[in-house]
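Q: What follows is coords03.cif, mmCIF, C-alpha atoms.
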data_entry
#
loop_
_atom_site.label_atom_id
_atom_site.label_comp_id
_atom_site.auth_asym_id
_atom_site.auth_seq_id
_atom_site.Cartn_x
_atom_site.Cartn_y
_atom_site.Cartn_z
CA MET A 1 68.98 -29.43 -38.18
CA CYS A 2 67.61 -30.32 -41.61
CA THR A 3 68.34 -27.48 -44.00
CA GLN A 4 65.75 -26.55 -46.61
CA GLY A 5 66.35 -24.13 -49.43
CA GLY A 6 64.02 -21.30 -50.28
CA HIS A 7 61.35 -21.92 -52.90
CA SER A 8 58.79 -19.73 -54.63
CA TYR A 9 55.19 -21.01 -54.62
CA ALA A 10 52.45 -19.90 -56.99
CA SER A 11 48.95 -19.03 -55.87
CA PHE A 12 45.59 -18.95 -57.64
CA PRO A 13 41.94 -18.42 -56.72
CA PHE A 14 40.25 -21.61 -55.59
CA ASN A 15 36.79 -22.84 -56.57
CA GLY A 16 33.62 -22.30 -54.59
CA ALA A 17 33.08 -20.87 -51.14
CA CYS A 18 35.73 -20.32 -48.50
CA SER A 19 36.02 -22.78 -45.61
CA ASP A 20 33.33 -22.51 -42.94
CA ARG A 21 35.86 -22.62 -40.08
CA HIS A 22 39.53 -22.12 -39.34
CA PRO A 23 41.52 -25.13 -40.66
CA ALA A 24 43.47 -25.53 -37.41
CA ARG A 25 40.15 -26.21 -35.63
CA HIS A 26 38.54 -28.22 -38.43
CA GLY A 27 38.27 -31.94 -37.63
CA ASP A 28 38.33 -32.96 -41.29
CA ILE A 29 41.35 -30.84 -42.21
CA ASN A 30 43.56 -30.94 -39.12
CA LEU A 31 43.59 -34.67 -38.34
CA GLU A 32 45.98 -34.10 -35.44
CA LEU A 33 42.88 -33.05 -33.49
CA ARG A 34 41.68 -36.66 -33.59
CA THR A 35 42.75 -39.69 -31.59
CA LEU A 36 44.45 -42.72 -33.15
CA GLY A 37 43.54 -46.25 -32.04
CA PHE A 38 43.24 -49.92 -33.03
CA ASP A 39 46.92 -50.22 -33.86
CA ALA A 40 47.70 -53.08 -36.23
CA PRO A 41 50.49 -55.57 -35.43
CA HIS A 42 54.04 -54.25 -35.33
CA ASN A 43 54.89 -56.04 -38.59
CA ALA A 44 52.25 -54.12 -40.57
CA ARG A 45 53.27 -53.31 -44.12
CA VAL A 46 51.88 -51.95 -47.35
CA GLY A 47 50.12 -54.90 -49.00
CA ASN A 48 48.07 -55.76 -52.07
CA GLY A 49 44.74 -54.60 -50.62
CA VAL A 50 41.18 -55.40 -51.64
CA ASP A 51 40.01 -56.11 -55.16
CA GLY A 52 38.01 -53.59 -57.16
CA PRO A 53 38.49 -50.84 -59.71
CA THR A 54 41.50 -48.58 -59.40
CA ASP A 55 42.00 -44.98 -60.47
CA GLY A 56 45.08 -44.80 -62.65
CA ARG A 57 45.33 -41.05 -62.00
CA ALA A 58 45.19 -41.29 -58.19
CA PRO A 59 48.12 -39.93 -56.14
CA ARG A 60 51.02 -42.42 -56.00
CA LEU A 61 52.24 -42.21 -52.47
CA HIS A 62 55.74 -43.63 -53.01
CA THR A 63 56.53 -40.55 -55.11
CA LEU A 64 56.08 -38.38 -52.01
CA PHE A 65 59.69 -39.31 -51.14
CA ALA A 66 62.16 -37.59 -53.44
CA LYS A 67 65.19 -39.82 -52.86
CA SER A 68 63.82 -43.26 -53.72
CA PRO A 69 60.58 -44.41 -55.37
CA GLY A 70 60.17 -47.63 -53.33
CA ILE A 71 57.68 -48.33 -50.56
CA PRO A 72 59.04 -47.32 -47.13
CA PRO A 73 58.77 -49.62 -44.10
CA VAL A 74 55.67 -49.09 -41.93
CA SER A 75 56.24 -48.38 -38.23
CA ARG A 76 52.58 -47.84 -37.29
CA CYS A 77 49.19 -48.60 -38.82
CA ALA A 78 46.10 -47.23 -37.06
CA ALA A 79 42.64 -45.66 -37.41
CA TYR A 80 41.16 -42.30 -36.38
CA SER A 81 38.44 -41.41 -33.92
CA ARG A 82 35.21 -39.95 -35.21
CA TRP A 83 34.56 -36.20 -35.07
CA ASP A 84 31.42 -34.84 -33.37
CA TRP A 85 30.24 -31.90 -35.44
CA SER A 86 27.55 -30.97 -32.91
CA CYS A 87 30.29 -29.80 -30.51
CA ASN A 88 33.13 -29.57 -33.05
CA CYS A 89 35.09 -31.94 -30.84
CA ASN A 90 36.92 -35.25 -30.85
CA ARG A 91 35.27 -38.51 -29.71
CA PRO A 92 38.35 -40.35 -28.43
CA GLY A 93 36.58 -43.58 -27.52
CA ASP A 94 34.86 -43.95 -30.88
CA ILE A 95 37.40 -45.17 -33.45
CA ASP A 96 36.16 -45.17 -37.05
CA ARG A 97 37.60 -48.22 -38.80
CA ARG A 98 35.51 -47.88 -41.95
CA PHE A 99 36.73 -47.04 -45.42
CA SER A 100 35.10 -47.36 -48.81
CA GLY A 101 36.11 -51.01 -49.35
CA GLY A 102 35.20 -52.44 -45.94
CA VAL A 103 37.01 -52.29 -42.60
CA SER A 104 40.59 -51.18 -42.15
CA ASP A 105 43.02 -50.35 -39.37
CA CYS A 106 45.21 -48.43 -41.80
CA THR A 107 43.56 -45.08 -42.37
CA TYR A 108 46.79 -43.74 -40.87
CA VAL A 109 50.25 -45.13 -41.59
CA GLU A 110 53.55 -44.01 -40.15
CA LEU A 111 56.42 -44.61 -42.56
CA VAL A 112 60.14 -44.92 -41.89
CA ALA A 113 62.47 -42.80 -44.03
CA GLU A 114 65.90 -41.24 -43.85
CA PRO A 115 65.98 -38.11 -41.67
CA CYS A 116 66.12 -34.89 -43.71
CA GLU A 117 64.99 -36.62 -46.93
CA GLN A 118 63.02 -34.20 -49.06
CA LEU A 119 59.25 -34.67 -49.39
CA VAL A 120 57.54 -33.46 -52.56
CA VAL A 121 54.12 -33.28 -54.18
CA PRO A 122 53.47 -36.86 -55.33
CA TRP A 123 52.59 -37.89 -58.86
CA THR A 124 48.95 -37.65 -59.88
CA GLY A 125 47.21 -37.69 -63.23
CA TYR A 126 44.96 -34.76 -62.33
CA GLU A 127 45.58 -31.10 -63.13
CA ILE A 128 43.68 -28.42 -61.21
CA ALA A 129 45.13 -25.32 -62.89
CA ALA A 130 46.73 -24.67 -66.27
CA GLY A 131 50.49 -25.01 -66.36
CA GLY A 132 50.79 -28.38 -64.63
CA TYR A 133 49.47 -27.46 -61.18
CA THR A 134 48.11 -30.59 -59.52
CA ALA A 135 47.64 -29.81 -55.82
CA MET A 136 46.47 -26.99 -53.58
CA VAL A 137 47.59 -26.46 -49.97
CA ILE A 138 44.50 -26.15 -47.79
CA PHE A 139 46.39 -26.33 -44.49
CA ALA A 140 49.98 -26.08 -43.30
CA GLU A 141 51.67 -25.91 -39.92
CA ASP A 142 55.26 -26.47 -38.76
CA ASP A 143 54.71 -30.23 -38.74
CA GLN A 144 52.05 -30.96 -41.37
CA VAL A 145 50.82 -30.14 -44.87
CA VAL A 146 47.40 -30.98 -46.33
CA LEU A 147 47.28 -31.25 -50.13
CA LYS A 148 44.01 -31.14 -52.07
CA PHE A 149 43.98 -32.58 -55.60
CA THR A 150 40.94 -30.60 -56.74
CA GLY A 151 40.39 -26.85 -56.58
CA GLU A 152 37.91 -26.66 -53.66
CA ASP A 153 38.79 -25.54 -50.14
CA ASN A 154 37.33 -28.65 -48.47
CA VAL A 155 37.72 -32.44 -48.34
CA VAL A 156 34.27 -33.15 -49.80
CA SER A 157 35.35 -33.83 -53.38
CA GLY A 158 38.44 -35.42 -54.88
CA TYR A 159 41.56 -36.63 -53.11
CA THR A 160 43.04 -35.04 -49.97
CA LEU A 161 46.47 -36.09 -48.71
CA HIS A 162 47.49 -35.39 -45.10
CA VAL A 163 51.27 -35.48 -44.52
CA MET A 164 52.07 -35.25 -40.79
CA GLY A 165 54.98 -35.22 -38.40
CA ILE A 166 57.27 -33.51 -40.92
CA ARG A 167 59.39 -30.38 -41.05
CA THR A 168 57.34 -28.19 -43.36
CA ASN A 169 59.28 -26.13 -45.90
CA PRO A 170 59.53 -22.63 -44.33
CA SER A 171 58.81 -20.91 -47.65
CA LEU A 172 55.63 -22.94 -48.12
CA LEU A 173 54.51 -22.31 -44.56
CA ALA A 174 55.09 -18.57 -44.94
CA ARG A 175 53.19 -18.54 -48.24
CA PHE A 176 50.26 -20.43 -46.74
CA ASN A 177 50.14 -18.15 -43.69
CA GLU A 178 50.19 -15.11 -45.95
CA LEU A 179 47.31 -16.38 -48.09
CA GLY A 180 45.36 -18.82 -45.98
CA ILE A 181 45.49 -17.69 -42.36
CA ARG A 182 46.10 -14.01 -41.83
CA PRO A 183 43.24 -12.74 -44.01
CA TRP A 184 40.78 -15.04 -42.22
CA PRO A 185 38.17 -15.92 -43.32
CA ARG A 186 40.10 -16.74 -46.46
CA CYS A 187 38.09 -16.25 -49.62
CA SER A 188 40.70 -15.53 -52.24
CA GLN A 189 43.80 -17.57 -53.10
CA LEU A 190 45.84 -20.49 -51.79
CA PRO A 191 49.22 -21.99 -52.81
CA PHE A 192 49.08 -24.22 -55.91
CA LEU A 193 51.89 -26.74 -56.48
CA LYS A 194 53.19 -28.96 -59.26
CA ILE A 195 54.38 -32.56 -59.07
CA GLY A 196 57.82 -32.69 -57.46
CA GLU A 197 57.69 -29.31 -55.71
CA PRO A 198 59.02 -29.49 -52.13
CA ILE A 199 56.66 -29.49 -49.17
CA GLY A 200 59.13 -30.33 -46.39
CA VAL A 201 61.57 -32.93 -45.10
CA VAL A 202 61.52 -36.06 -42.97
CA PRO A 203 62.22 -35.07 -39.34
CA ARG A 204 65.12 -36.34 -37.24
CA SER A 205 62.86 -39.10 -35.88
CA GLY A 206 62.75 -40.65 -39.36
CA ARG A 207 58.94 -41.03 -39.15
CA VAL A 208 56.27 -39.53 -41.43
CA GLY A 209 52.52 -40.02 -41.00
CA ILE A 210 50.12 -40.04 -43.95
CA SER A 211 46.37 -40.32 -44.45
CA LEU A 212 44.34 -40.08 -47.64
CA ARG A 213 40.71 -39.19 -48.30
CA ASP A 214 38.57 -39.70 -51.39
CA THR A 215 35.45 -37.50 -51.45
CA GLY A 216 35.76 -37.13 -47.69
CA THR A 217 36.06 -40.84 -46.87
CA MET A 218 39.19 -42.17 -45.17
CA MET A 219 41.06 -44.60 -47.41
CA ASP A 220 43.11 -47.67 -46.51
CA VAL A 221 46.51 -46.12 -47.21
CA ALA A 222 48.25 -49.49 -46.88
CA ASN A 223 46.44 -50.68 -50.02
CA ALA A 224 49.27 -51.04 -52.54
CA ARG A 225 46.88 -51.75 -55.40
CA HIS A 226 45.25 -48.33 -55.16
CA TRP A 227 47.71 -45.84 -53.67
CA TRP A 228 51.16 -47.28 -54.40
CA GLN A 229 50.69 -48.12 -58.08
CA GLY A 230 53.95 -48.46 -59.95
CA ALA A 231 56.16 -48.70 -56.88
CA PRO A 232 59.21 -50.86 -57.72
CA GLY A 233 59.08 -52.67 -54.37
CA PRO A 234 60.18 -52.07 -50.78
CA ARG A 235 62.80 -49.47 -50.00
CA PRO A 236 65.89 -50.74 -48.18
CA PRO A 237 65.76 -50.35 -44.39
CA VAL A 238 67.06 -47.07 -43.01
CA SER A 239 70.44 -47.72 -41.40
#
For this file, write the structure as structure tokens.

A:
Amino acid sequence: MCTQGGHSYASFPFNGACSDRHPARHGDINLELRTLGFDAPHNARVGNGVDGPTDGRAPRLHTLFAKSPGIPPVSRCAAYSRWDWSCNCNRPGDIDRRFSGGVSDCTYVELVAEPCEQLVVPWTGYEIAAGGYTAMVIFAEDDQVVLKFTGEDNVVSGYTLHVMGIRTNPSLLARFNELGIRPWPRCSQLPFLKIGEPIGVVPRSGRVGISLRDTGTMMDVANARHWWQGAPGPRPPVS
């Protein structure tokens, strides 16, 4: 078992209205409800990506991993199915390969890391609450955490990072359940975190899935130019 120490998490009121549905049943928040398809070749990796302007304050995904700042190997690169809001249900045969810069198979990447390595809130240049708070937890389960880098309880504005297949920190999960689930519908506070605060650990499988949204749109998370800025290069293979 991967041991995780206890941690105290702050909470603050969030901006705007509370979510219109439970996050576990929300197709934009709980991406595990969707189907993955159009897998890229086995040798997929984080690459340079498309040209265009970059946001120097965007989340830097290599800093999600506490042990080493390099880019982990990619074990899977895929895209999600669309969500049918008329029935609030998955459309498994309809894979959405679009992102803001064109067409991509990498709106989901599965990364290889050392089992039990600590995962933390990645670096970002945005602050959503005084005191250095940069991210809000809008959903957490045993195996996933969804971080929002603005203060609204939705994925409509700003960046949203989905970290999946992990062992969520028990203290964070308990704090989220206390604030964000049991008093449903939640209309008060959610956990707010600073850069470097723990969110969980890599599971025994050594695989972590990530997806990133910008104003609701799925991003190409294999685009090194946008989401892996400042990474010193590839991490060494996990032995």

Q: So what does the PyMOL selection byres ((chain A and resi 109) around 7) actually pick up in this one, as an MDAnalysis selection string?

A: chainID A and resid 74 76:78 106:108 110:111 209:211 221

Q: Could you pull the residues within 9 Å of Thr168 of chain A, counting only C-alpha atoms, minus those fewer than 6 positions along the same chain, as a ChimeraX atom specification?

A: /A:140-145,199-202

Q: Could you check how far atom CA of Thr217 of chain A sits from atom CA of Tyr159 of chain A, in Å to one decimal?

A: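 Between these atoms lies a distance of 9.3 Å.
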
Q: I'd like to know which of A:Ile29, A:Gly233, A:Ile128, A:Met136 is closest to Gln189 of chain A, using only C-alpha atoms.

A: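 Looking at the shortest contact to Gln189 of chain A, the residue is A:Met136.
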
Q: Of the residues A:Ala24, A:Val163, A:Ile138, A:Leu172, which is the one nearest to Ser8 of chain A, using only C-alpha atoms?

A: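 Of the candidates, the smallest distance to Ser8 of chain A is held by A:Leu172.
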
Q: Nearest to Ala174 of chain A among A:Pro191, A:Gly131, A:Gly93, A:Pro198, with distances taken over all atoms listed in the file: which residue is it?

A: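 Smallest distance to Ala174 of chain A is found for A:Pro191.
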